[in-house]
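J.: My file is start.pdb. It has PDB, C-alpha atoms, pLDDT in the B column:
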```
ATOM      1  CA  LEU A 243      -2.562  31.845  39.033  1.00 47.00           C
ATOM      2  CA  GLN A 244      -3.350  34.235  36.200  1.00 48.00           C
ATOM      3  CA  ILE A 245       0.293  35.315  36.054  1.00 47.00           C
ATOM      4  CA  LYS A 246       1.503  31.690  35.791  1.00 49.00           C
ATOM      5  CA  ILE A 247      -0.983  30.852  33.001  1.00 47.00           C
ATOM      6  CA  SER A 248       0.004  33.990  31.106  1.00 48.00           C
ATOM      7  CA  GLN A 249       3.685  33.077  31.366  1.00 49.00           C
ATOM      8  CA  ARG A 250       3.004  29.531  30.108  1.00 49.00           C
ATOM      9  CA  ILE A 251       1.068  30.814  27.074  1.00 45.00           C
ATOM     10  CA  THR A 252       3.772  33.326  26.276  1.00 49.00           C
ATOM     11  CA  LEU A 253       6.528  30.737  26.515  1.00 48.00           C
ATOM     12  CA  LYS A 254       4.533  28.272  24.401  1.00 50.00           C
ATOM     13  CA  ASN A 255       3.994  30.775  21.581  1.00 53.00           C
ATOM     14  CA  GLN A 256       7.575  31.946  21.486  1.00 57.00           C
ATOM     15  CA  VAL A 257       9.717  30.613  18.595  1.00 52.00           C
ATOM     16  CA  PRO A 258      13.155  29.411  19.730  1.00 58.00           C
ATOM     17  CA  LEU A 259      15.932  31.870  18.867  1.00 53.00           C
ATOM     18  CA  LYS A 260      17.958  29.087  17.241  1.00 53.00           C
ATOM     19  CA  TYR A 261      15.090  28.289  14.845  1.00 52.00           C
ATOM     20  CA  LYS A 262      14.664  31.961  13.948  1.00 53.00           C
ATOM     21  CA  THR A 263      18.378  32.205  13.186  1.00 57.00           C
ATOM     22  CA  GLU A 264      18.295  29.096  10.965  1.00 58.00           C
ATOM     23  CA  VAL A 265      15.287  30.441   8.994  1.00 53.00           C
ATOM     24  CA  MET A 266      16.988  33.810   8.476  1.00 57.00           C
ATOM     25  CA  GLU A 267      20.187  32.114   7.311  1.00 63.00           C
ATOM     26  CA  SER A 268      18.202  29.893   4.916  1.00 66.00           C
ATOM     27  CA  GLN A 269      16.359  32.873   3.442  1.00 73.00           C
ATOM     28  CA  GLY A 270      19.622  34.760   3.132  1.00 76.00           C
ATOM     29  CA  ALA A 271      21.261  31.877   1.259  1.00 81.00           C
ATOM     30  CA  ARG A 272      18.233  31.588  -1.038  1.00 83.00           C
ATOM     31  CA  SER A 273      18.375  35.294  -1.839  1.00 85.00           C
ATOM     32  CA  LYS A 274      22.077  35.052  -2.668  1.00 85.00           C
ATOM     33  CA  ILE A 275      21.511  32.111  -5.026  1.00 87.00           C
ATOM     34  CA  LEU A 276      18.623  33.867  -6.819  1.00 86.00           C
ATOM     35  CA  GLN A 277      20.709  37.027  -7.111  1.00 86.00           C
ATOM     36  CA  LYS A 278      23.559  35.078  -8.710  1.00 85.00           C
ATOM     37  CA  ILE A 279      21.183  33.426 -11.175  1.00 83.00           C
ATOM     38  CA  LYS A 280      19.668  36.808 -12.058  1.00 84.00           C
ATOM     39  CA  GLN A 281      23.126  38.283 -12.598  1.00 83.00           C
ATOM     40  CA  ALA A 282      24.224  35.345 -14.743  1.00 79.00           C
ATOM     41  CA  LEU A 283      21.159  35.685 -16.976  1.00 79.00           C
ATOM     42  CA  LYS A 284      21.744  39.408 -17.286  1.00 80.00           C
ATOM     43  CA  ASP A 285      25.445  39.098 -18.180  1.00 77.00           C
ATOM     44  CA  PRO A 286      25.917  35.711 -19.922  1.00 73.00           C
ATOM     45  CA  VAL A 287      29.434  34.305 -19.904  1.00 72.00           C
ATOM     46  CA  ALA A 288      31.095  33.874 -23.274  1.00 75.00           C
ATOM     47  CA  VAL A 289      31.846  30.385 -24.537  1.00 68.00           C
ATOM     48  CA  PRO A 290      35.213  29.503 -22.925  1.00 71.00           C
ATOM     49  CA  PHE A 291      36.549  27.584 -25.937  1.00 67.00           C
ATOM     50  CA  PRO A 292      34.945  29.126 -29.043  1.00 65.00           C
ATOM     51  CA  ASP A 293      37.279  27.260 -31.385  1.00 64.00           C
ATOM     52  CA  GLN A 294      35.836  23.970 -30.171  1.00 59.00           C
ATOM     53  CA  VAL A 295      32.210  24.836 -30.961  1.00 56.00           C
ATOM     54  CA  ALA A 296      31.292  22.691 -33.947  1.00 61.00           C
ATOM     55  CA  GLU A 297      29.971  24.657 -36.901  1.00 67.00           C
ATOM     56  CA  THR A 298      29.501  21.491 -38.902  1.00 71.00           C
ATOM     57  CA  PRO A 299      27.546  18.371 -37.891  1.00 72.00           C
ATOM     58  CA  ILE A 300      29.399  15.759 -35.856  1.00 76.00           C
ATOM     59  CA  PHE A 301      27.307  12.924 -37.266  1.00 78.00           C
ATOM     60  CA  TYR A 302      26.379  12.593 -40.925  1.00 77.00           C
ATOM     61  CA  PRO A 303      23.369  10.713 -42.314  1.00 79.00           C
ATOM     62  CA  THR A 304      24.054   7.375 -43.919  1.00 79.00           C
ATOM     63  CA  ASP A 305      22.605   6.110 -47.170  1.00 80.00           C
ATOM     64  CA  GLN A 306      20.044   4.146 -45.172  1.00 86.00           C
ATOM     65  CA  GLU A 307      16.468   5.440 -45.048  1.00 92.00           C
ATOM     66  CA  LEU A 308      15.602   7.247 -41.835  1.00 94.00           C
ATOM     67  CA  THR A 309      12.624   4.962 -41.260  1.00 95.00           C
ATOM     68  CA  ILE A 310      14.783   1.825 -41.356  1.00 95.00           C
ATOM     69  CA  GLU A 311      17.539   3.381 -39.246  1.00 95.00           C
ATOM     70  CA  PHE A 312      15.067   4.508 -36.585  1.00 96.00           C
ATOM     71  CA  ALA A 313      13.354   1.097 -36.513  1.00 96.00           C
ATOM     72  CA  GLN A 314      16.674  -0.706 -36.052  1.00 96.00           C
ATOM     73  CA  LYS A 315      17.916   1.545 -33.254  1.00 95.00           C
ATOM     74  CA  PHE A 316      14.537   1.646 -31.510  1.00 95.00           C
ATOM     75  CA  THR A 317      14.106  -2.136 -31.463  1.00 95.00           C
ATOM     76  CA  GLU A 318      17.713  -2.664 -30.325  1.00 93.00           C
ATOM     77  CA  LEU A 319      16.752  -0.647 -27.227  1.00 90.00           C
ATOM     78  CA  LEU A 320      13.750  -2.926 -26.500  1.00 90.00           C
ATOM     79  CA  GLY A 321      11.252  -0.597 -28.136  1.00 93.00           C
ATOM     80  CA  LYS A 322       8.447  -2.164 -30.180  1.00 95.00           C
ATOM     81  CA  PHE A 323       8.097  -0.705 -33.661  1.00 97.00           C
ATOM     82  CA  VAL A 324       5.087  -0.961 -35.975  1.00 96.00           C
ATOM     83  CA  TYR A 325       5.080   0.499 -39.486  1.00 97.00           C
ATOM     84  CA  CYS A 326       1.705   1.491 -40.959  1.00 96.00           C
ATOM     85  CA  ALA A 327       1.117   2.379 -44.600  1.00 95.00           C
ATOM     86  CA  ASP A 328      -1.744   4.705 -43.664  1.00 94.00           C
ATOM     87  CA  GLU A 329      -4.082   5.602 -40.803  1.00 95.00           C
ATOM     88  CA  ALA A 330      -6.516   2.821 -41.681  1.00 94.00           C
ATOM     89  CA  GLU A 331      -3.739   0.289 -41.096  1.00 96.00           C
ATOM     90  CA  LEU A 332      -2.767   2.156 -37.921  1.00 96.00           C
ATOM     91  CA  VAL A 333      -6.274   1.680 -36.535  1.00 96.00           C
ATOM     92  CA  SER A 334      -6.252  -1.993 -37.490  1.00 96.00           C
ATOM     93  CA  GLN A 335      -2.843  -2.655 -35.918  1.00 96.00           C
ATOM     94  CA  LEU A 336      -3.566  -0.658 -32.780  1.00 96.00           C
ATOM     95  CA  SER A 337      -6.968  -2.288 -32.261  1.00 96.00           C
ATOM     96  CA  GLY A 338      -5.358  -5.706 -32.628  1.00 96.00           C
ATOM     97  CA  LEU A 339      -2.665  -4.838 -30.080  1.00 96.00           C
ATOM     98  CA  ILE A 340      -5.191  -3.633 -27.501  1.00 96.00           C
ATOM     99  CA  LYS A 341      -7.348  -6.749 -27.985  1.00 95.00           C
ATOM    100  CA  ALA A 342      -4.406  -9.176 -27.902  1.00 96.00           C
ATOM    101  CA  ASN A 343      -3.193  -7.784 -24.578  1.00 96.00           C
ATOM    102  CA  ASN A 344      -6.670  -7.497 -23.038  1.00 95.00           C
ATOM    103  CA  TRP A 345      -6.070  -3.846 -22.180  1.00 95.00           C
ATOM    104  CA  GLU A 346      -9.341  -2.543 -20.784  1.00 94.00           C
ATOM    105  CA  LYS A 347      -8.264   0.925 -19.663  1.00 96.00           C
ATOM    106  CA  ILE A 348      -6.795   3.099 -22.422  1.00 97.00           C
ATOM    107  CA  TYR A 349      -5.863   6.703 -21.627  1.00 97.00           C
ATOM    108  CA  SER A 350      -5.269   9.586 -24.040  1.00 96.00           C
ATOM    109  CA  ILE A 351      -5.957  13.318 -24.197  1.00 95.00           C
ATOM    110  CA  GLU A 352      -4.861  13.821 -27.811  1.00 95.00           C
ATOM    111  CA  GLU A 353      -8.252  15.286 -28.736  1.00 93.00           C
ATOM    112  CA  GLY A 354      -7.492  16.348 -32.305  1.00 93.00           C
ATOM    113  CA  TRP A 355      -5.968  13.000 -33.242  1.00 94.00           C
ATOM    114  CA  LEU A 356      -8.787  11.078 -31.541  1.00 95.00           C
ATOM    115  CA  ASP A 357     -11.361  13.098 -33.503  1.00 94.00           C
ATOM    116  CA  ASP A 358      -9.569  12.207 -36.751  1.00 93.00           C
ATOM    117  CA  MET A 359      -9.593   8.516 -35.813  1.00 94.00           C
ATOM    118  CA  LYS A 360     -13.381   8.502 -35.452  1.00 93.00           C
ATOM    119  CA  GLU A 361     -13.479   8.496 -39.242  1.00 93.00           C
ATOM    120  CA  TYR A 362     -12.204   4.917 -38.954  1.00 93.00           C
ATOM    121  CA  HIS A 363     -14.667   4.097 -36.152  1.00 93.00           C
ATOM    122  CA  PHE A 364     -11.813   3.988 -33.658  1.00 93.00           C
ATOM    123  CA  ASP A 365     -12.348   5.469 -30.204  1.00 92.00           C
ATOM    124  CA  PRO A 366     -10.186   3.482 -27.749  1.00 92.00           C
ATOM    125  CA  VAL A 367     -10.192   5.860 -24.765  1.00 94.00           C
ATOM    126  CA  ASN A 368     -12.271   4.561 -21.881  1.00 91.00           C
ATOM    127  CA  THR A 369     -10.630   6.037 -18.787  1.00 93.00           C
ATOM    128  CA  ASP A 370      -9.465   9.416 -17.521  1.00 92.00           C
ATOM    129  CA  ASP A 371      -7.438   7.832 -14.729  1.00 94.00           C
ATOM    130  CA  LEU A 372      -3.814   7.966 -15.849  1.00 93.00           C
ATOM    131  CA  ALA A 373      -2.569   6.288 -12.673  1.00 90.00           C
ATOM    132  CA  GLY A 374      -4.846   3.287 -13.178  1.00 93.00           C
ATOM    133  CA  CYS A 375      -4.671   2.851 -16.956  1.00 96.00           C
ATOM    134  CA  ASP A 376      -3.275  -0.169 -18.798  1.00 96.00           C
ATOM    135  CA  ALA A 377      -1.704   1.931 -21.563  1.00 96.00           C
ATOM    136  CA  ALA A 378      -1.574   5.546 -22.714  1.00 96.00           C
ATOM    137  CA  ILE A 379      -1.501   6.909 -26.259  1.00 97.00           C
ATOM    138  CA  THR A 380       0.372  10.098 -27.135  1.00 97.00           C
ATOM    139  CA  LEU A 381       1.669  11.906 -30.181  1.00 96.00           C
ATOM    140  CA  CYS A 382       5.226  13.246 -30.343  1.00 96.00           C
ATOM    141  CA  ASP A 383       7.250  16.116 -31.779  1.00 95.00           C
ATOM    142  CA  HIS A 384       9.997  14.246 -33.629  1.00 96.00           C
ATOM    143  CA  LEU A 385      11.727  10.901 -34.041  1.00 97.00           C
ATOM    144  CA  ILE A 386      15.539  10.746 -34.017  1.00 96.00           C
ATOM    145  CA  ALA A 387      16.745   8.075 -36.428  1.00 96.00           C
ATOM    146  CA  ARG A 388      20.388   7.952 -35.329  1.00 95.00           C
ATOM    147  CA  THR A 389      19.563   6.998 -31.738  1.00 94.00           C
ATOM    148  CA  GLY A 390      16.039   5.548 -31.980  1.00 96.00           C
ATOM    149  CA  THR A 391      14.700   8.361 -29.807  1.00 96.00           C
ATOM    150  CA  ILE A 392      11.160   9.698 -29.383  1.00 96.00           C
ATOM    151  CA  VAL A 393      11.058  13.450 -28.798  1.00 96.00           C
ATOM    152  CA  LEU A 394       8.264  14.779 -26.588  1.00 95.00           C
ATOM    153  CA  SER A 395       7.706  18.273 -25.241  1.00 94.00           C
ATOM    154  CA  SER A 396       5.430  20.331 -23.032  1.00 92.00           C
ATOM    155  CA  GLN A 397       3.794  21.866 -26.110  1.00 90.00           C
ATOM    156  CA  GLN A 398       2.035  18.551 -26.778  1.00 91.00           C
ATOM    157  CA  LEU A 399      -1.450  18.048 -25.313  1.00 92.00           C
ATOM    158  CA  SER A 400      -0.169  15.085 -23.316  1.00 92.00           C
ATOM    159  CA  GLY A 401       2.309  17.394 -21.612  1.00 86.00           C
ATOM    160  CA  ARG A 402       4.967  16.182 -19.219  1.00 85.00           C
ATOM    161  CA  THR A 403       3.200  13.366 -17.431  1.00 89.00           C
ATOM    162  CA  THR A 404       1.466  10.891 -19.748  1.00 92.00           C
ATOM    163  CA  SER A 405       4.485   9.324 -21.438  1.00 89.00           C
ATOM    164  CA  VAL A 406       6.300   8.580 -18.161  1.00 88.00           C
ATOM    165  CA  TYR A 407       3.433   7.795 -15.789  1.00 89.00           C
ATOM    166  CA  ALA A 408       1.597   5.119 -17.760  1.00 92.00           C
ATOM    167  CA  PRO A 409       2.927   1.543 -17.484  1.00 92.00           C
ATOM    168  CA  ILE A 410       2.824   1.202 -21.279  1.00 95.00           C
ATOM    169  CA  HIS A 411       3.428   4.121 -23.635  1.00 95.00           C
ATOM    170  CA  ILE A 412       2.063   3.989 -27.178  1.00 97.00           C
ATOM    171  CA  CYS A 413       3.467   6.763 -29.373  1.00 96.00           C
ATOM    172  CA  ILE A 414       1.877   7.679 -32.704  1.00 97.00           C
ATOM    173  CA  ALA A 415       4.269   9.316 -35.164  1.00 97.00           C
ATOM    174  CA  TYR A 416       4.296  10.245 -38.846  1.00 96.00           C
ATOM    175  CA  THR A 417       7.092   9.934 -41.379  1.00 95.00           C
ATOM    176  CA  HIS A 418       7.454  13.693 -41.830  1.00 94.00           C
ATOM    177  CA  GLN A 419       8.534  13.856 -38.160  1.00 96.00           C
ATOM    178  CA  LEU A 420      11.651  11.756 -38.773  1.00 96.00           C
ATOM    179  CA  LEU A 421      14.941  13.604 -38.295  1.00 95.00           C
ATOM    180  CA  PHE A 422      18.485  12.314 -38.305  1.00 95.00           C
ATOM    181  CA  ASP A 423      20.081  13.737 -35.148  1.00 94.00           C
ATOM    182  CA  VAL A 424      19.297  15.576 -31.908  1.00 93.00           C
ATOM    183  CA  SER A 425      20.770  18.770 -33.352  1.00 90.00           C
ATOM    184  CA  ASP A 426      18.206  18.622 -36.177  1.00 92.00           C
ATOM    185  CA  SER A 427      15.434  18.326 -33.578  1.00 93.00           C
ATOM    186  CA  LEU A 428      16.620  21.385 -31.640  1.00 90.00           C
ATOM    187  CA  ALA A 429      16.938  23.357 -34.869  1.00 89.00           C
ATOM    188  CA  GLN A 430      13.382  22.354 -35.786  1.00 92.00           C
ATOM    189  CA  PHE A 431      12.059  23.577 -32.429  1.00 92.00           C
ATOM    190  CA  LYS A 432      13.757  26.934 -32.978  1.00 89.00           C
ATOM    191  CA  LYS A 433      12.392  27.145 -36.501  1.00 89.00           C
ATOM    192  CA  GLU A 434       8.800  26.304 -35.575  1.00 84.00           C
ATOM    193  CA  ALA A 435       8.373  28.703 -32.645  1.00 77.00           C
ATOM    194  CA  ASP A 436       9.869  31.869 -31.195  1.00 79.00           C
ATOM    195  CA  VAL A 437      10.044  30.241 -27.762  1.00 82.00           C
ATOM    196  CA  ILE A 438      11.422  26.745 -27.236  1.00 87.00           C
ATOM    197  CA  PRO A 439       9.106  24.548 -25.105  1.00 90.00           C
ATOM    198  CA  SER A 440       9.823  24.645 -21.379  1.00 89.00           C
ATOM    199  CA  MET A 441      10.358  20.881 -21.365  1.00 92.00           C
ATOM    200  CA  ILE A 442      11.836  18.694 -24.095  1.00 93.00           C
ATOM    201  CA  SER A 443      12.239  14.988 -23.397  1.00 92.00           C
ATOM    202  CA  TYR A 444      14.423  12.722 -25.513  1.00 93.00           C
ATOM    203  CA  ALA A 445      13.100   9.268 -24.609  1.00 92.00           C
ATOM    204  CA  THR A 446      15.165   6.388 -25.932  1.00 88.00           C
ATOM    205  CA  GLY A 447      13.397   3.075 -25.332  1.00 84.00           C
ATOM    206  CA  PRO A 448      11.632   1.895 -22.173  1.00 82.00           C
ATOM    207  CA  SER A 449      12.739   3.187 -18.770  1.00 77.00           C
ATOM    208  CA  ARG A 450      15.725   1.268 -17.429  1.00 75.00           C
ATOM    209  CA  THR A 451      18.299   1.355 -14.663  1.00 76.00           C
ATOM    210  CA  ALA A 452      21.319  -0.708 -13.606  1.00 73.00           C
ATOM    211  CA  ASP A 453      22.101   1.162 -10.392  1.00 72.00           C
ATOM    212  CA  ILE A 454      21.696  -1.867  -8.131  1.00 70.00           C
ATOM    213  CA  GLU A 455      24.479  -4.430  -8.539  1.00 72.00           C
ATOM    214  CA  LYS A 456      24.729  -3.508 -12.231  1.00 74.00           C
ATOM    215  CA  THR A 457      21.601  -5.534 -12.967  1.00 76.00           C
ATOM    216  CA  LEU A 458      19.478  -4.074 -15.768  1.00 73.00           C
ATOM    217  CA  VAL A 459      15.873  -3.528 -14.688  1.00 75.00           C
ATOM    218  CA  VAL A 460      13.275  -2.198 -17.142  1.00 72.00           C
ATOM    219  CA  GLY A 461      10.288  -0.053 -16.179  1.00 64.00           C
ATOM    220  CA  VAL A 462      11.515   1.447 -12.902  1.00 70.00           C
ATOM    221  CA  HIS A 463      11.289   5.179 -13.527  1.00 73.00           C
ATOM    222  CA  GLY A 464       8.811   5.138 -16.400  1.00 78.00           C
ATOM    223  CA  PRO A 465       6.979   2.821 -18.817  1.00 88.00           C
ATOM    224  CA  LYS A 466       8.099  -0.792 -18.947  1.00 89.00           C
ATOM    225  CA  GLU A 467       7.053  -1.036 -22.602  1.00 92.00           C
ATOM    226  CA  VAL A 468       7.160   1.566 -25.380  1.00 94.00           C
ATOM    227  CA  TYR A 469       5.445   1.128 -28.746  1.00 96.00           C
ATOM    228  CA  CYS A 470       6.016   3.404 -31.720  1.00 97.00           C
ATOM    229  CA  PHE A 471       3.469   3.279 -34.538  1.00 97.00           C
ATOM    230  CA  LEU A 472       4.974   5.086 -37.535  1.00 97.00           C
ATOM    231  CA  VAL A 473       2.426   6.115 -40.172  1.00 96.00           C
ATOM    232  CA  ASP A 474       3.594   6.783 -43.713  1.00 94.00           C
ATOM    233  CA  LYS A 475       1.971  10.149 -44.206  1.00 81.00           C
ATOM    234  CA  LEU A 476       3.277  13.479 -45.454  1.00 69.00           C
ATOM    235  CA  MET A 477       2.529  16.681 -43.589  1.00 59.00           C
ATOM    236  CA  ASP A 478      -0.974  18.030 -44.184  1.00 57.00           C
TER     237      ASP A 478
END
```
Would you encode the structure as C-alpha cells?

T.:
Amino acid sequence: LQIKISQRITLKNQVPLKYKTEVMESQGARSKILQKIKQALKDPVAVPFPDQVAETPIFYPTDQELTIEFAQKFTELLGKFVYCADEAELVSQLSGLIKANNWEKIYSIEEGWLDDMKEYHFDPVNTDDLAGCDAAITLCDHLIARTGTIVLSSQQLSGRTTSVYAPIHICIAYTHQLLFDVSDSLAQFKKEADVIPSMISYATGPSRTADIEKTLVVGVHGPKEVYCFLVDKLMD
C-alpha cells in the first residue's frame, strides 16, 4: 500500500515532458528576441534613404495666430475649447462648467496648479477615485496648432493614466505652450531635458473608433469628452 501511494504522489508531482519542452522552447525564443534587440541597440542601422530625410519643415506656419488655428482644429475634432484671458476667468469658467453639468466627483493630482488656484478660492477636487470620477483635470506639455492636438507625457504629475481613464478630460494649458507642429514639440522635449519622457501622447480630440461597420463611436478607448481651457499667460 505504501508503494502504491508513493507512486501516485510521484506521478502527480511530475511535470509532463511535453510541457517542459514547450517552456524551454518559449524561454529560448524569448532569449533570442532580447539578444536581437540588444544587438540592434548596440549597432544601430543607418538610415536607408538619407537623401529623403527632411532637413527643412514639411509644414509651414500660416499667417493665422496659433491660438485661433488650434481652436479651429480642436473644435472640428469634437473637442470643446474655452479661451480665458487670465486665471481668474479660468476659475470662473471652470466652476460654471462643473456646476452646469452637476459633476460631483472631480479628480486631479496636479498639486502645484491646485495650490495656485487656491488664491482664487478654487479647490474643485473632491475624490481620489479616478475610476469613479465624473471628470479629471490635468495640465499638459504642449498644444499643437496645426492638428488641434494636446501633448501629454509621463513627466507630468498626472502621468499616463488620468487623461485616458476619466470619462471626461479637462486640460488646462497656457499660451506659451502653443507650438505649430509635432516636430516643434519633439524638438522642445529634446531642448528641455537630456532624456525624453518614456511616454509621449499626442491626443487629438475625444477617443473615437469606426472599426465596427465603419460607424463612428466616440468615447470607446478613452474620454468621451475633452475640454481645453487655454489661459492667456506668458511663462513665469

J.: Would you mind reading off the distance between atom CA of Leu472 of chain A and atom CA of Ala313 of chain A, one decimal, in Å?

T.: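 Going from atom CA of Leu472 of chain A over to atom CA of Ala313 of chain A covers 9.3 Å.
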
J.: Got a sec: who's within 6 Å of segment 418-423 of chain A, counting only C-alpha atoms, leaving out chain neighbours fewer than 6 positions off, as a list in words?

T.: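 The residues satisfying every condition are His384, Leu385, Ile386, Ala387, Arg388 and Leu476 of chain A.
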
J.: I need the chosen residues saved as a CSV table (one decimal), keeping the file's coordinate frame, with C-alpha atoms.

T.:
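Listed below is the output, result30.csv:
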```csv
chain,number,residue,atom,x,y,z
A,384,HIS,CA,10.0,14.2,-33.6
A,385,LEU,CA,11.7,10.9,-34.0
A,386,ILE,CA,15.5,10.7,-34.0
A,387,ALA,CA,16.7,8.1,-36.4
A,388,ARG,CA,20.4,8.0,-35.3
A,476,LEU,CA,3.3,13.5,-45.5
```

J.: Find the residue from A:Ala327, A:Ile392, A:Ile279, A:Ala378 that sits nearest to Lys315 of chain A; use all atoms listed in the file when measuring.

T.: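 Distance minimum relative to Lys315 of chain A lands on A:Ile392.
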
J.: Using Å and a single decimal, report how far atom CA of Ser425 of chain A sits from atom CA of Arg402 of chain A.

T.: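 Separation between atom CA of Arg402 of chain A and atom CA of Ser425 of chain A: 21.4 Å.
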
J.: Pick out the closest residue to Leu308 of chain A from this set: A:Ala288, A:Asp371, A:Ala429, A:Thr417. Count all atoms listed in the file.

T.: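 For Leu308 of chain A, the nearest of the candidates is A:Thr417.
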
J.: Could you give me, as a PDB file with C-alpha atoms, keeping the file's coordinate frame, the residues within 7 Å of Tyr416 of chain A, counting all atoms listed in the file and dropping anything in the same chain fewer than 6 positions from it?

T.:
```
ATOM      1  CA  LEU A 472       4.974   5.086 -37.535  1.00 97.00           C
ATOM      2  CA  VAL A 473       2.426   6.115 -40.172  1.00 96.00           C
ATOM      3  CA  ASP A 474       3.594   6.783 -43.713  1.00 94.00           C
ATOM      4  CA  LYS A 475       1.971  10.149 -44.206  1.00 81.00           C
TER       5      LYS A 475
END
```

J.: Residues at most 10 Å from segment 350-358 of chain A, counting all atoms listed in the file, excluding those fewer than 5 positions away in the same chain, as an MDAnalysis selection string?

T.: chainID A and resid 329 363:372 375 377:381 398:401 404 412 414

J.: Within 12 Å of segment 435-438 of chain A, counting only C-alpha atoms, which residues show up once you throw out same-chain ones fewer than 6 positions away? Write them as a ChimeraX atom specification, please.

T.: /A:395-397,427-429

J.: Nearest residue to Val333 of chain A out of A:Met359, A:Val393, A:Leu276, A:Ile310, using only C-alpha atoms?

T.: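 Smallest separation from Val333 of chain A among the options: A:Met359.
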
J.: Using only C-alpha atoms, pick whichever of A:Ala408, A:Ile300, A:Ile348, A:Ala282 has the shortest atom-to-atom distance to Lys466 of chain A.

T.: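 So, comparing all the options, the nearest one is A:Ala408.
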
J.: Compare A:Asp376, A:Glu318, A:Glu467, A:Asp383 by their minimum atom-to-atom distance to Phe431 of chain A, counting only C-alpha atoms, and give me the closest one.

T.: A:Asp383
